[in-house]
>>> print(open('protein_26.json').read())   # JSON, C-alpha atoms
[["chain", "number", "residue", "atom", "x", "y", "z"],
["A", 1, "PHE", "CA", 0.00, 0.00, 0.00],
["A", 2, "ARG", "CA", 2.83, 2.42, 0.90],
["A", 3, "SER", "CA", 4.64, 1.58, -2.34],
["A", 4, "GLN", "CA", 1.46, 2.28, -4.32],
["A", 5, "LYS", "CA", 0.95, 5.62, -2.57],
["A", 6, "ARG", "CA", 4.58, 6.64, -3.16],
["A", 7, "GLN", "CA", 4.16, 5.84, -6.84],
["A", 8, "GLU", "CA", 0.97, 7.90, -7.01],
["A", 9, "ALA", "CA", 2.67, 10.81, -5.23],
["A", 10, "THR", "CA", 5.58, 10.70, -7.68],
["A", 11, "GLN", "CA", 3.19, 10.77, -10.65],
["A", 12, "ILE", "CA", 1.26, 13.71, -9.18],
["A", 13, "GLN", "CA", 4.46, 15.65, -8.48],
["A", 14, "GLU", "CA", 5.63, 15.04, -12.05],
["A", 15, "ARG", "CA", 2.30, 16.29, -13.39],
["A", 16, "LEU", "CA", 2.45, 19.45, -11.31],
["A", 17, "THR", "CA", 6.00, 20.18, -12.49],
["A", 18, "GLU", "CA", 5.85, 19.26, -16.17],
["A", 19, "GLY", "CA", 2.12, 19.43, -16.86],
["A", 20, "ASP", "CA", 0.04, 16.90, -18.75],
["A", 21, "PHE", "CA", 0.70, 17.84, -22.37],
["A", 22, "LEU", "CA", 3.30, 16.19, -24.59],
["A", 23, "PRO", "CA", 4.17, 16.69, -28.27],
["A", 24, "GLY", "CA", 1.62, 14.88, -30.41],
["A", 25, "ASP", "CA", -1.26, 15.36, -27.96],
["A", 26, "GLN", "CA", -4.30, 17.13, -29.33],
["A", 27, "ILE", "CA", -6.70, 19.79, -28.10],
["A", 28, "ILE", "CA", -10.17, 20.37, -29.50],
["A", 29, "LEU", "CA", -10.32, 24.17, -29.53],
["A", 30, "ASN", "CA", -13.28, 26.38, -30.35],
["A", 31, "VAL", "CA", -12.85, 30.15, -30.38],
["A", 32, "VAL", "CA", -16.35, 31.41, -31.09],
["A", 33, "GLY", "CA", -16.46, 33.55, -34.21],
["A", 34, "ASP", "CA", -12.91, 32.71, -35.32],
["A", 35, "THR", "CA", -12.62, 29.63, -37.53],
["A", 36, "THR", "CA", -8.84, 30.06, -37.97],
["A", 37, "LEU", "CA", -8.36, 29.40, -34.25],
["A", 38, "SER", "CA", -10.88, 26.57, -34.05],
["A", 39, "GLY", "CA", -10.39, 22.87, -34.72],
["A", 40, "THR", "CA", -8.33, 19.93, -33.50],
["A", 41, "MET", "CA", -4.89, 21.34, -32.70],
["A", 42, "THR", "CA", -1.75, 19.21, -32.30],
["A", 43, "ILE", "CA", 0.88, 20.14, -29.74],
["A", 44, "GLY", "CA", 4.31, 20.57, -31.29],
["A", 45, "PRO", "CA", 7.89, 20.04, -30.08],
["A", 46, "GLY", "CA", 8.70, 21.75, -26.82],
["A", 47, "ARG", "CA", 5.08, 21.36, -25.65],
["A", 48, "VAL", "CA", 4.06, 24.37, -27.71],
["A", 49, "LEU", "CA", 0.66, 25.10, -29.21],
["A", 50, "SER", "CA", 0.84, 27.07, -32.46],
["A", 51, "LEU", "CA", -2.24, 29.07, -33.45],
["A", 52, "ALA", "CA", -2.63, 31.07, -36.64],
["A", 53, "GLY", "CA", -1.66, 34.72, -36.19],
["A", 54, "LEU", "CA", -0.68, 34.33, -32.53],
["A", 55, "PRO", "CA", 2.67, 33.74, -30.81],
["A", 56, "ASP", "CA", 3.33, 30.15, -29.76],
["A", 57, "ILE", "CA", 1.72, 29.18, -26.47],
["A", 58, "SER", "CA", 3.79, 27.05, -24.08],
["A", 59, "LEU", "CA", 1.86, 24.29, -22.31],
["A", 60, "ARG", "CA", 4.66, 23.21, -20.00],
["A", 61, "GLY", "CA", 3.33, 22.92, -16.46],
["A", 62, "VAL", "CA", -0.31, 23.13, -17.60],
["A", 63, "LEU", "CA", -2.73, 20.43, -16.43],
["A", 64, "ARG", "CA", -5.52, 19.13, -18.64],
["A", 65, "SER", "CA", -8.10, 20.37, -16.13],
["A", 66, "GLU", "CA", -6.67, 23.89, -16.55],
["A", 67, "ILE", "CA", -6.54, 24.01, -20.34],
["A", 68, "GLN", "CA", -9.74, 25.98, -20.99],
["A", 69, "PRO", "CA", -9.13, 28.88, -18.54],
["A", 70, "TYR", "CA", -5.42, 28.86, -19.45],
["A", 71, "LEU", "CA", -6.06, 29.22, -23.18],
["A", 72, "LEU", "CA", -8.75, 31.80, -22.48],
["A", 73, "GLY", "CA", -6.14, 33.89, -20.68],
["A", 74, "GLN", "CA", -3.49, 33.39, -23.35],
["A", 75, "ILE", "CA", -5.76, 34.11, -26.31],
["A", 76, "GLY", "CA", -7.35, 36.99, -24.39],
["A", 77, "ARG", "CA", -4.01, 38.79, -24.50],
["A", 78, "TYR", "CA", -4.45, 39.27, -28.24],
["A", 79, "LEU", "CA", -8.23, 39.11, -28.81],
["A", 80, "LYS", "CA", -10.82, 41.17, -26.99],
["A", 81, "ASP", "CA", -13.18, 39.17, -24.77],
["A", 82, "PRO", "CA", -12.83, 35.85, -26.63],
["A", 83, "GLU", "CA", -15.19, 32.97, -25.92],
["A", 84, "VAL", "CA", -12.97, 29.88, -25.72],
["A", 85, "LYS", "CA", -13.86, 26.23, -25.27],
["A", 86, "ALA", "CA", -11.13, 23.60, -25.09],
["A", 87, "ARG", "CA", -10.95, 19.86, -24.44],
["A", 88, "ALA", "CA", -7.78, 17.80, -24.10],
["A", 89, "LEU", "CA", -7.22, 14.48, -25.86],
["A", 90, "ILE", "CA", -4.70, 11.79, -24.86],
["A", 91, "ARG", "CA", -2.88, 9.43, -27.25],
["A", 92, "LEU", "CA", -3.26, 5.94, -25.77],
["A", 93, "SER", "CA", -2.89, 2.35, -26.91],
["A", 94, "VAL", "CA", -5.77, 0.02, -26.00],
["A", 95, "LEU", "CA", -4.66, -3.58, -26.43],
["A", 96, "GLY", "CA", -5.59, -7.10, -25.35],
["A", 97, "GLY", "CA", -9.14, -8.22, -24.69],
["A", 98, "VAL", "CA", -11.08, -5.57, -26.62],
["A", 99, "GLY", "CA", -12.87, -5.79, -29.95],
["A", 100, "GLN", "CA", -10.68, -3.28, -31.82],
["A", 101, "PRO", "CA", -7.18, -2.99, -30.32],
["A", 102, "GLY", "CA", -5.20, -0.01, -31.57],
["A", 103, "PHE", "CA", -4.12, 3.58, -31.00],
["A", 104, "TYR", "CA", -6.69, 6.17, -29.95],
["A", 105, "GLN", "CA", -6.95, 9.89, -29.23],
["A", 106, "LEU", "CA", -9.28, 9.84, -26.24],
["A", 107, "ASP", "CA", -10.94, 12.64, -24.31],
["A", 108, "ALA", "CA", -9.15, 13.10, -20.99],
["A", 109, "ASP", "CA", -12.50, 13.29, -19.22],
["A", 110, "MET", "CA", -13.61, 9.94, -20.67],
["A", 111, "LEU", "CA", -14.34, 7.15, -18.18],
["A", 112, "LEU", "CA", -11.97, 4.20, -18.32],
["A", 113, "ALA", "CA", -14.99, 1.98, -19.03],
["A", 114, "ASP", "CA", -15.98, 4.19, -21.97],
["A", 115, "ALA", "CA", -12.42, 4.01, -23.32],
["A", 116, "LEU", "CA", -12.80, 0.22, -23.51],
["A", 117, "THR", "CA", -16.12, 0.66, -25.31],
["A", 118, "LYS", "CA", -14.47, 3.05, -27.76],
["A", 119, "ALA", "CA", -11.96, 0.30, -28.55],
["A", 120, "GLY", "CA", -14.68, -2.18, -29.47],
["A", 121, "GLY", "CA", -15.76, -3.21, -25.99],
["A", 122, "ILE", "CA", -14.95, -6.32, -23.97],
["A", 123, "GLY", "CA", -16.03, -9.87, -24.79],
["A", 124, "ASN", "CA", -16.29, -13.41, -23.44],
["A", 125, "THR", "CA", -12.51, -13.83, -23.43],
["A", 126, "THR", "CA", -11.90, -10.66, -21.39],
["A", 127, "GLU", "CA", -10.74, -10.99, -17.80],
["A", 128, "LEU", "CA", -10.55, -7.52, -16.25],
["A", 129, "PRO", "CA", -8.54, -8.50, -13.12],
["A", 130, "ARG", "CA", -5.69, -9.47, -15.48],
["A", 131, "SER", "CA", -5.67, -5.96, -16.96],
["A", 132, "SER", "CA", -3.05, -3.29, -16.36],
["A", 133, "ILE", "CA", -1.91, 0.13, -17.54],
["A", 134, "LYS", "CA", 1.75, 0.49, -18.44],
["A", 135, "ARG", "CA", 4.11, 3.37, -19.06],
["A", 136, "ASN", "CA", 7.45, 2.59, -20.70],
["A", 137, "ASP", "CA", 6.91, -1.12, -19.84],
["A", 138, "GLN", "CA", 6.38, -0.21, -16.17],
["A", 139, "GLU", "CA", 3.04, -1.09, -14.62],
["A", 140, "ILE", "CA", 1.38, 1.99, -13.15],
["A", 141, "VAL", "CA", -2.09, 0.48, -12.62],
["A", 142, "ASP", "CA", -2.46, -3.19, -11.68],
["A", 143, "GLY", "CA", -5.47, -5.48, -12.11],
["A", 144, "THR", "CA", -7.04, -4.66, -8.76],
["A", 145, "GLN", "CA", -6.71, -0.91, -9.34],
["A", 146, "PHE", "CA", -8.01, -1.34, -12.90],
["A", 147, "VAL", "CA", -11.22, -3.05, -11.76],
["A", 148, "ASP", "CA", -11.59, -0.52, -8.94],
["A", 149, "ALA", "CA", -11.24, 2.39, -11.41],
["A", 150, "ILE", "CA", -14.06, 0.99, -13.53],
["A", 151, "ALA", "CA", -16.28, 0.38, -10.50],
["A", 152, "LYS", "CA", -15.71, 3.93, -9.20],
["A", 153, "GLY", "CA", -16.21, 5.55, -12.60],
["A", 154, "GLN", "CA", -12.75, 7.10, -12.78],
["A", 155, "THR", "CA", -11.68, 9.08, -15.83],
["A", 156, "LEU", "CA", -8.43, 8.80, -17.76],
["A", 157, "ASP", "CA", -7.36, 12.12, -16.25],
["A", 158, "GLN", "CA", -8.08, 10.93, -12.71],
["A", 159, "LEU", "CA", -5.83, 7.93, -13.38],
["A", 160, "ASN", "CA", -2.98, 10.35, -14.21],
["A", 161, "LEU", "CA", -2.57, 8.89, -17.70],
["A", 162, "ARG", "CA", -0.45, 10.60, -20.31],
["A", 163, "ALA", "CA", 0.43, 10.22, -23.97],
["A", 164, "GLY", "CA", 1.97, 6.87, -24.84],
["A", 165, "ASP", "CA", 0.48, 4.90, -21.95],
["A", 166, "VAL", "CA", -0.81, 1.42, -22.77],
["A", 167, "ILE", "CA", -4.15, 0.10, -21.53],
["A", 168, "ASP", "CA", -3.64, -3.66, -21.66],
["A", 169, "VAL", "CA", -6.99, -5.39, -21.15],
["A", 170, "GLY", "CA", -6.68, -8.87, -19.66],
["A", 171, "ILE", "CA", -7.54, -12.04, -21.58],
["A", 172, "LYS", "CA", -8.59, -15.35, -20.04],
["A", 173, "PRO", "CA", -5.91, -18.02, -20.38],
["A", 174, "THR", "CA", -6.84, -20.56, -23.05],
["A", 175, "LYS", "CA", -6.31, -24.29, -22.78],
["A", 176, "ASP", "CA", -4.16, -25.93, -25.41],
["A", 177, "TRP", "CA", -6.70, -28.59, -26.42],
["A", 178, "PHE", "CA", -4.42, -29.98, -29.12],
["A", 179, "SER", "CA", -1.70, -30.75, -26.58],
["A", 180, "THR", "CA", -4.29, -32.16, -24.18],
["A", 181, "LEU", "CA", -5.73, -34.48, -26.84],
["A", 182, "ARG", "CA", -2.28, -35.49, -28.00],
["A", 183, "THR", "CA", -1.30, -36.35, -24.43],
["A", 184, "ALA", "CA", -4.53, -38.29, -23.96],
["A", 185, "ALA", "CA", -3.80, -40.28, -27.12],
["A", 186, "ILE", "CA", -0.22, -41.05, -26.06],
["A", 187, "ILE", "CA", -1.03, -42.28, -22.53],
["A", 188, "PRO", "CA", -2.91, -45.50, -23.60],
["A", 189, "GLY", "CA", -0.02, -46.36, -25.92],
["A", 190, "LEU", "CA", 2.45, -45.91, -23.09],
["A", 191, "ILE", "CA", 0.36, -48.17, -20.85],
["A", 192, "VAL", "CA", 0.22, -50.90, -23.49],
["A", 193, "SER", "CA", 3.94, -50.60, -24.18],
["A", 194, "THR", "CA", 4.79, -50.73, -20.49],
["A", 195, "TYR", "CA", 2.57, -53.79, -20.00],
["A", 196, "GLY", "CA", 4.12, -55.52, -23.00],
["A", 197, "LEU", "CA", 7.63, -54.79, -21.75],
["A", 198, "GLY", "CA", 6.65, -56.07, -18.30],
["A", 199, "LYS", "CA", 5.34, -59.32, -19.77],
["A", 200, "LEU", "CA", 8.54, -59.76, -21.75],
["A", 201, "LEU", "CA", 10.68, -59.30, -18.63],
["A", 202, "GLY", "CA", 8.39, -61.45, -16.51],
["A", 203, "VAL", "CA", 7.29, -58.59, -14.30],
["A", 204, "PHE", "CA", 3.58, -59.22, -14.96]]
>>> encode(input="protein_26.json", output="structure tokens")
Amino acid sequence: FRSQKRQEATQIQERLTEGDFLPGDQIILNVVGDTTLSGTMTIGPGRVLSLAGLPDISLRGVLRSEIQPYLLGQIGRYLKDPEVKARALIRLSVLGGVGQPGFYQLDADMLLADALTKAGGIGNTTELPRSSIKRNDQEIVDGTQFVDAIAKGQTLDQLNLRAGDVIDVGIKPTKDWFSTLRTAAIIPGLIVSTYGLGKLLGVF
């Protein structure tokens, strides 16, 4: 439990220092009345957001939950009383026991359960307690936490996820029926051979 809490504290501290946004992340931006500043914007190198006709906006140290008021303040330096709406997307891989494994740009406020639905949903072979979320091959959410996050209705943002994280949905282990049948077929032969050898040696 202490190890888990230390890990969570480290992740939170990193978020507060560096912010949530990484190059390649996207923001759905709508500046009412200005189509040149509206659309799905991709964050560039150096965690910078480039908008037409405006100086680059640094997103270092900015949290996803702060993106709308932050951009309102930044854009408001150059436009008078702008009306700004902004939503952050996260680039994630959803793999394993879902219908359509792959790479997705997901709304940061999306529930973990809805993220699985977006990736084709779960099926009969899915086993959620075997699931995990990994970052650079390091497990940051284990199976118990994964199931708990779904039960509590936690969002991707509440799980402290960031671009490049992998949601690996658990799959039930499958029996190798071919090996089982092959073994079952071999055993009678071994019994007969052993009996024959025993008869030959006078054991039976």
>>> closest_residue(input="protein_26.json", among="A:Leu72, A:Ile67, A:Val141, A:Ile57", to="Val32 in chain A", atoms="only C-alpha atoms")
A:Leu72
>>> residues_around(input="protein_26.json", residues="Lys134 in chain A", least_positions_apart="6", cutoff="8 Å", atoms="all atoms listed in the file", output="list in words")
Ile140, Val141, Asp165, Val166, Ile167 and Asp168 of chain A
>>> residues_around(input="protein_26.json", residues="Asp142 in chain A", least_positions_apart="6", cutoff="9 Å", atoms="all atoms listed in the file", output="PyMOL selection string")
chain A and resi 129-134
>>> residues_around(input="protein_26.json", residues="Gln105 in chain A", least_positions_apart="2", cutoff="9 Å", atoms="only C-alpha atoms", output="PyMOL selection string")
chain A and resi 25-26+89-93+103+107
>>> residues_around(input="protein_26.json", residues="Gly44 in chain A", least_positions_apart="6", cutoff="12 Å", atoms="all atoms listed in the file", output="PyMOL selection string")
chain A and resi 21-27+50-51+56-60
>>> atom_distance(input="protein_26.json", atom1="CA of Tyr70 in chain A", atom2="CA of Lys85 in chain A")
10.6 Å
